[in-house]
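Participant: The following file, data_17.pdb, comprises PDB, C-alpha atoms:
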```pdb
MODEL        1
ATOM      1  CA  GLY A1382      -8.599   3.953  16.229
ATOM      2  CA  SER A1383      -7.655   1.867  13.281
ATOM      3  CA  VAL A1384      -4.449   1.278  11.360
ATOM      4  CA  ALA A1385      -4.211   0.593   7.643
ATOM      5  CA  LEU A1386      -1.423  -0.921   5.603
ATOM      6  CA  VAL A1387      -1.474   0.923   2.285
ATOM      7  CA  ILE A1388      -0.091  -1.390  -0.382
ATOM      8  CA  PRO A1389       0.574  -1.024  -4.106
ATOM      9  CA  TRP A1390      -1.290  -3.491  -6.315
ATOM     10  CA  LEU A1391       0.637  -4.251  -9.485
ATOM     11  CA  GLU A1392      -2.109  -4.670 -12.055
ATOM     12  CA  SER A1393       0.238  -6.382 -14.513
ATOM     13  CA  SER A1394       0.728 -10.092 -13.792
ATOM     14  CA  GLU A1395       4.013  -9.861 -15.713
ATOM     15  CA  GLU A1396       5.259  -7.164 -13.310
ATOM     16  CA  ARG A1397       4.097  -9.172 -10.269
ATOM     17  CA  ASN A1398       5.903 -12.264 -11.528
ATOM     18  CA  LYS A1399       9.064 -10.266 -12.242
ATOM     19  CA  LEU A1400       9.138  -8.682  -8.778
ATOM     20  CA  TYR A1401       7.709 -11.415  -6.552
ATOM     21  CA  GLY A1402       9.045 -14.481  -8.370
ATOM     22  CA  ALA A1403       7.399 -17.673  -9.529
ATOM     23  CA  THR A1404       6.759 -18.934  -5.984
ATOM     24  CA  ASN A1405       4.643 -15.892  -5.044
ATOM     25  CA  LYS A1406       2.106 -15.795  -7.864
ATOM     26  CA  PHE A1407      -1.118 -13.952  -7.148
ATOM     27  CA  SER A1408      -4.251 -14.020  -9.301
ATOM     28  CA  ASP A1409      -5.452 -10.915 -11.112
ATOM     29  CA  GLY A1410      -7.847  -8.430  -9.535
ATOM     30  CA  PRO A1411      -9.573  -8.669  -6.147
ATOM     31  CA  GLN A1412      -8.828 -12.397  -5.766
ATOM     32  CA  GLY A1413      -5.096 -11.686  -6.122
ATOM     33  CA  MET A1414      -5.297  -8.907  -3.544
ATOM     34  CA  LYS A1415      -6.917 -11.361  -1.097
ATOM     35  CA  GLU A1416      -4.175 -13.907  -1.831
ATOM     36  CA  GLN A1417      -1.431 -11.340  -1.269
ATOM     37  CA  GLU A1418      -3.102 -10.150   1.941
ATOM     38  CA  GLN A1419      -3.107 -13.756   3.193
ATOM     39  CA  TRP A1420       0.583 -14.020   2.263
ATOM     40  CA  ILE A1421       1.334 -10.858   4.282
ATOM     41  CA  LYS A1422      -0.608 -12.198   7.273
ATOM     42  CA  GLN A1423       1.209 -15.534   7.103
ATOM     43  CA  TYR A1424       4.567 -13.748   6.846
ATOM     44  CA  ALA A1425       3.707 -11.560   9.855
ATOM     45  CA  LYS A1426       2.694 -14.621  11.851
ATOM     46  CA  GLU A1427       5.658 -16.834  11.001
ATOM     47  CA  ARG A1428       8.530 -14.386  10.693
ATOM     48  CA  CYS A1429       7.512 -11.457  12.895
ATOM     49  CA  ASP A1430       5.352 -13.101  15.564
ATOM     50  CA  MET A1431       2.657 -10.506  14.815
ATOM     51  CA  GLU A1432      -0.387 -12.604  13.920
ATOM     52  CA  VAL A1433      -2.835 -10.561  16.005
ATOM     53  CA  GLU A1434      -1.551  -7.242  14.668
ATOM     54  CA  ALA A1435      -1.665  -8.431  11.039
ATOM     55  CA  ASN A1436      -5.257  -9.574  11.463
ATOM     56  CA  GLU A1437      -6.301  -6.245  12.988
ATOM     57  CA  LEU A1438      -4.846  -4.148  10.159
ATOM     58  CA  LYS A1439      -7.008  -2.737   7.407
ATOM     59  CA  TYR A1440      -5.484  -3.449   4.012
ATOM     60  CA  ILE A1441      -5.883  -0.737   1.390
ATOM     61  CA  TRP A1442      -4.702  -1.507  -2.140
ATOM     62  CA  TYR A1443      -3.952   1.168  -4.678
ATOM     63  CA  PRO A1444      -3.286   0.607  -8.390
ATOM     64  CA  ALA A1445       0.414   0.790  -9.193
ATOM     65  CA  PHE A1446       3.018   0.028 -11.822
ATOM     66  CA  TYR A1447       6.662  -0.964 -11.833
ATOM     67  CA  LEU A1448       9.146   1.365 -13.504
ATOM     68  CA  ALA A1449      12.293  -0.643 -14.250
ATOM     69  CA  SER A1450      14.480   2.425 -14.839
ATOM     70  CA  PHE A1451      13.863   3.466 -11.204
ATOM     71  CA  GLY A1452      13.647  -0.079  -9.858
ATOM     72  CA  SER A1453      10.542   1.052  -7.978
ATOM     73  CA  ILE A1454       6.789   0.715  -7.753
ATOM     74  CA  PHE A1455       4.765   3.904  -8.331
ATOM     75  CA  PRO A1456       1.084   4.673  -7.690
ATOM     76  CA  LYS A1457      -1.291   5.220 -10.611
ATOM     77  CA  VAL A1458      -3.459   7.434  -8.408
ATOM     78  CA  ASP A1459      -2.956  10.404  -6.118
ATOM     79  CA  LEU A1460      -2.890   8.656  -2.752
ATOM     80  CA  CYS A1461      -3.875  11.805  -0.880
ATOM     81  CA  ASN A1462      -7.201  11.724  -2.700
ATOM     82  CA  TYR A1463      -7.448   7.939  -2.869
ATOM     83  CA  ILE A1464      -7.545   7.164   0.864
ATOM     84  CA  PRO A1465     -10.528   8.718   2.675
ATOM     85  CA  SER A1466      -9.271  10.571   5.758
ATOM     86  CA  GLU A1467     -12.144   9.186   7.868
ATOM     87  CA  LEU A1468     -11.133   5.601   7.052
ATOM     88  CA  VAL A1469      -8.010   5.394   9.205
ATOM     89  CA  ASP A1470      -6.238   7.109  12.069
ATOM     90  CA  VAL A1471      -2.803   5.817  11.032
ATOM     91  CA  ALA A1472      -1.605   4.863   7.537
ATOM     92  CA  ILE A1473       1.519   2.775   7.022
ATOM     93  CA  LEU A1474       2.986   3.524   3.600
ATOM     94  CA  GLU A1475       5.447   1.095   2.053
ATOM     95  CA  GLU A1476       8.501   3.095   0.907
ATOM     96  CA  PRO A1477       6.781   6.499   1.128
ATOM     97  CA  GLU A1478       9.779   8.327  -0.327
ATOM     98  CA  HIS A1479       8.754   6.960  -3.726
ATOM     99  CA  LEU A1480       5.535   8.960  -3.518
ATOM    100  CA  ASN A1481       7.600  12.127  -3.930
ATOM    101  CA  TRP A1482       9.299  10.948  -7.110
ATOM    102  CA  PHE A1483       6.273  10.721  -9.363
ATOM    103  CA  ARG A1484       3.132  12.738  -8.712
ATOM    104  CA  MET A1485      -0.170  11.943 -10.391
ATOM    105  CA  PRO A1486      -2.102  15.012 -11.573
ATOM    106  CA  ASN A1487      -4.685  16.160  -9.053
ATOM    107  CA  LYS A1488      -8.075  16.899 -10.617
ATOM    108  CA  GLU A1489      -9.994  17.280  -7.364
ATOM    109  CA  PRO A1490      -9.276  19.133  -4.132
ATOM    110  CA  SER A1491      -7.444  17.132  -1.487
ATOM    111  CA  SER A1492      -9.609  14.875   0.643
ATOM    112  CA  GLY A1493      -7.480  15.621   3.665
ATOM    113  CA  CYS A1494      -4.468  13.352   3.382
ATOM    114  CA  VAL A1495      -2.487  14.005   6.527
ATOM    115  CA  SER A1496       1.268  13.747   6.834
ATOM    116  CA  ALA A1497       3.300  14.028   9.986
ATOM    117  CA  ALA A1498       4.743  17.316   8.745
ATOM    118  CA  ALA A1499       1.359  18.794   7.853
ATOM    119  CA  SER A1500      -0.739  17.667  10.804
ATOM    120  CA  SER A1501      -2.162  20.343  13.048
ATOM    121  CA  GLU A1502      -2.917  20.115  16.751
ATOM    122  CA  ALA A1503      -6.567  19.506  15.848
ATOM    123  CA  ASP A1504      -5.513  16.456  13.839
ATOM    124  CA  ASP A1505      -2.817  15.164  16.175
ATOM    125  CA  GLU A1506      -4.504  11.741  16.343
ATOM    126  CA  LYS A1507      -4.030  11.209  12.587
ATOM    127  CA  GLN A1508      -0.591  10.121  11.426
ATOM    128  CA  VAL A1509       1.244   8.741   8.445
ATOM    129  CA  VAL A1510       4.027   6.309   9.276
ATOM    130  CA  GLY A1511       6.635   5.407   6.697
TER     131      GLY A1511
ENDMDL
END
```
Reformat the file's structure so that it appears as structure tokens.
Facilitator:
Amino acid sequence: GSVALVIPWLESSEERNKLYGATNKFSDGPQGMKEQEQWIKQYAKERCDMEVEANELKYIWYPAFYLASFGSIFPKVDLCNYIPSELVDVAILEEPEHLNWFRMPNKEPSSGCVSAAASSEADDEKQVVG
């Protein structure tokens, strides 16, 4: 199986600078996502002694925004429809409780996002970890 780290991508460079500081500047778009992924891998190697694990993870970025009044990052998409269920066996969501605070409208039927509470015995290999 595979494991994915599902990470918010702040599309606004102003928001990224505000939250991550001047020393952790990432470029806009896909290049910035690659830079931030490298930062995460370096952090995992140096501070967590998890270089192998960080390199084996799949990194999935979703568009997000920062809402100062909540002091939190929120998705701009419905993550249950954003992450294909066949892509990963386990998804690690950063601060998953925030996903319950602000729900994007769902225009399409669910693609099969699985949560620990909703998984059936047939899907017991699929998990969401938060």
Participant: Quick one: residues within 9 Å of range 1407-1416 of chain A, all atoms listed in the file counted, chain neighbours fewer than 2 positions away excluded, as a VMD selection string?
Facilitator: chain A and resid 1390 1392 to 1394 1397 to 1398 1405 1418 to 1421 1442
Participant: Store the residues picked out above in a file with C-alpha atoms, as a PDB file, keeping the file's coordinate frame.
Facilitator:
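Writing the result to again.pdb gives the following:
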```
ATOM      1  CA  TRP A1390      -1.290  -3.491  -6.315  1.00  0.00           C
ATOM      2  CA  GLU A1392      -2.109  -4.670 -12.055  1.00  0.00           C
ATOM      3  CA  SER A1393       0.238  -6.382 -14.513  1.00  0.00           C
ATOM      4  CA  SER A1394       0.728 -10.092 -13.792  1.00  0.00           C
ATOM      5  CA  ARG A1397       4.097  -9.172 -10.269  1.00  0.00           C
ATOM      6  CA  ASN A1398       5.903 -12.264 -11.528  1.00  0.00           C
ATOM      7  CA  ASN A1405       4.643 -15.892  -5.044  1.00  0.00           C
ATOM      8  CA  GLU A1418      -3.102 -10.150   1.941  1.00  0.00           C
ATOM      9  CA  GLN A1419      -3.107 -13.756   3.193  1.00  0.00           C
ATOM     10  CA  TRP A1420       0.583 -14.020   2.263  1.00  0.00           C
ATOM     11  CA  ILE A1421       1.334 -10.858   4.282  1.00  0.00           C
ATOM     12  CA  TRP A1442      -4.702  -1.507  -2.140  1.00  0.00           C
TER      13      TRP A1442
END
```
Participant: Once the PyMOL selection byres ((chain A and resi 1422) around 12) has been applied to the shown file, what residues remain in the selection, as JSON, numbers by chain?
Facilitator: {"A": [1386, 1415, 1416, 1417, 1418, 1419, 1420, 1421, 1423, 1424, 1425, 1426, 1427, 1428, 1429, 1430, 1431, 1432, 1433, 1434, 1435, 1436, 1437, 1438, 1439, 1440]}
Participant: Could you jot down the CA of Leu1391 in chain A to CA of Ile1464 in chain A separation for me, Å, one decimal place?
Facilitator: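 Straight-line distance from CA of Leu1391 in chain A to CA of Ile1464 in chain A works out to 17.4 Å.
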Participant: So which residues are close to (-1.8, 4.8, -2.6), meaning at most 6 Å away in the file's coordinates with all atoms listed in the file counted, and can you show them as a ChimeraX atom specification?
Facilitator: /A:1443,1456,1460
Participant: Suppose you want the space between CA of Phe1451 in chain A and CA of Ser1466 in chain A; what is it in Å?
Facilitator: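 CA of Ser1466 in chain A lies at a distance of 29.6 Å from CA of Phe1451 in chain A.
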Participant: Quick one: pull the distance between CA of Ala1445 in chain A and CA of Ser1383 in chain A, Å, one decimal.
Facilitator: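 Between CA of Ala1445 in chain A and CA of Ser1383 in chain A the gap is 23.9 Å.
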Participant: Kindly provide, as a PyMOL selection string, the polymer residues lying within 12 Å of (13.6, -2.1, -10.5), counting all atoms listed in the file and using the coordinates exactly as they appear in the file.
Facilitator: chain A and resi 1396-1397+1399-1401+1446-1455
